[in-house]
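Read the structure below first, then the notes.
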Amino acid sequence: MPRIDPLTEADVSPEIRELFAQSARRMGAVPGSTGLQAYCPPILEASRALGAAPGISNTLPALIRSLVCLRAAQMVGCLF
């Protein structure tokens, strides 16, 4: 159980609410980490940019990026 409860859609500004909606569409639900990072919107934005960087850098072929995502998901026990 986290020491700090993640923020929910009802707790955040409309701009952050849209980020929550994007996360929910992409992952099926808003991850708890997103709710925690929402306490500090610049950290939430930086985290999203960091996560998107490999995909937009075009330094890895799409197949390798997919395999990296699959392996990362396996390592943390996440369904992919």
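Going by the structure tokens order, chains are called A, B, ..., each with residues numbered from 1, while ligands are numbered from 1 in the order shown.
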For Leu44 of chain A, list every protein, DNA or RNA residue within 12 Å, evaluated using only C-alpha atoms, and leave out those in the same chain fewer than 3 positions away; present the list as a PyMOL selection string. chain A and resi 15-17+19-20+23+31-41+47-51
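Every protein, DNA or RNA residue with an atom at most 10 Å from Gly55 of chain A, where only C-alpha atoms count and chain neighbours fewer than 6 positions away do not, is listed here: Pro61, Ala62, Arg65 and Ser66 of chain A.
When the distance limit is 12 Å and only C-alpha atoms are what count, the residues near Glu18 of chain A, minus those fewer than 6 positions from it on the same chain, are Thr8, Glu9, Ala10, Val12, Ala24, Arg25, Val30, Thr34 and Ala38 of chain A.
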Please, could you write that set of residues out with N, CA and C atoms as a short mmCIF file (atom, residue, chain, number, x, y, z; two decimals), in the first residue's frame?
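Wrote it out as again_15.cif, contents follow:
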```
data_model
loop_
_atom_site.label_atom_id
_atom_site.label_comp_id
_atom_site.auth_asym_id
_atom_site.auth_seq_id
_atom_site.Cartn_x
_atom_site.Cartn_y
_atom_site.Cartn_z
N THR A 8 -6.60 11.11 -8.40
CA THR A 8 -7.56 10.57 -9.36
C THR A 8 -7.97 11.69 -10.31
N GLU A 9 -8.76 11.33 -11.32
CA GLU A 9 -9.21 12.33 -12.29
C GLU A 9 -9.94 13.49 -11.60
N ALA A 10 -10.65 13.20 -10.54
CA ALA A 10 -11.40 14.23 -9.84
C ALA A 10 -10.49 15.22 -9.11
N VAL A 12 -7.42 16.40 -10.21
CA VAL A 12 -6.43 17.11 -11.03
C VAL A 12 -7.08 18.14 -11.95
N ALA A 24 -5.23 5.97 -19.72
CA ALA A 24 -6.28 4.96 -19.60
C ALA A 24 -6.58 4.32 -20.95
N ARG A 25 -6.59 5.13 -22.01
CA ARG A 25 -6.84 4.56 -23.35
C ARG A 25 -5.70 3.63 -23.76
N VAL A 30 -5.57 4.04 -15.53
CA VAL A 30 -4.52 5.00 -15.19
C VAL A 30 -3.58 4.33 -14.20
N THR A 34 1.25 7.25 -12.48
CA THR A 34 0.77 8.48 -13.11
C THR A 34 0.06 9.34 -12.07
N ALA A 38 1.37 13.01 -10.79
CA ALA A 38 0.47 14.15 -11.01
C ALA A 38 0.54 15.17 -9.88
#
```
Please return, as a ChimeraX atom specification, all residues of segment 32-66 of chain A that DSSP assigns to alpha helix (DSSP H) on the basis of the backbone. /A:32-37,41-57,62-66
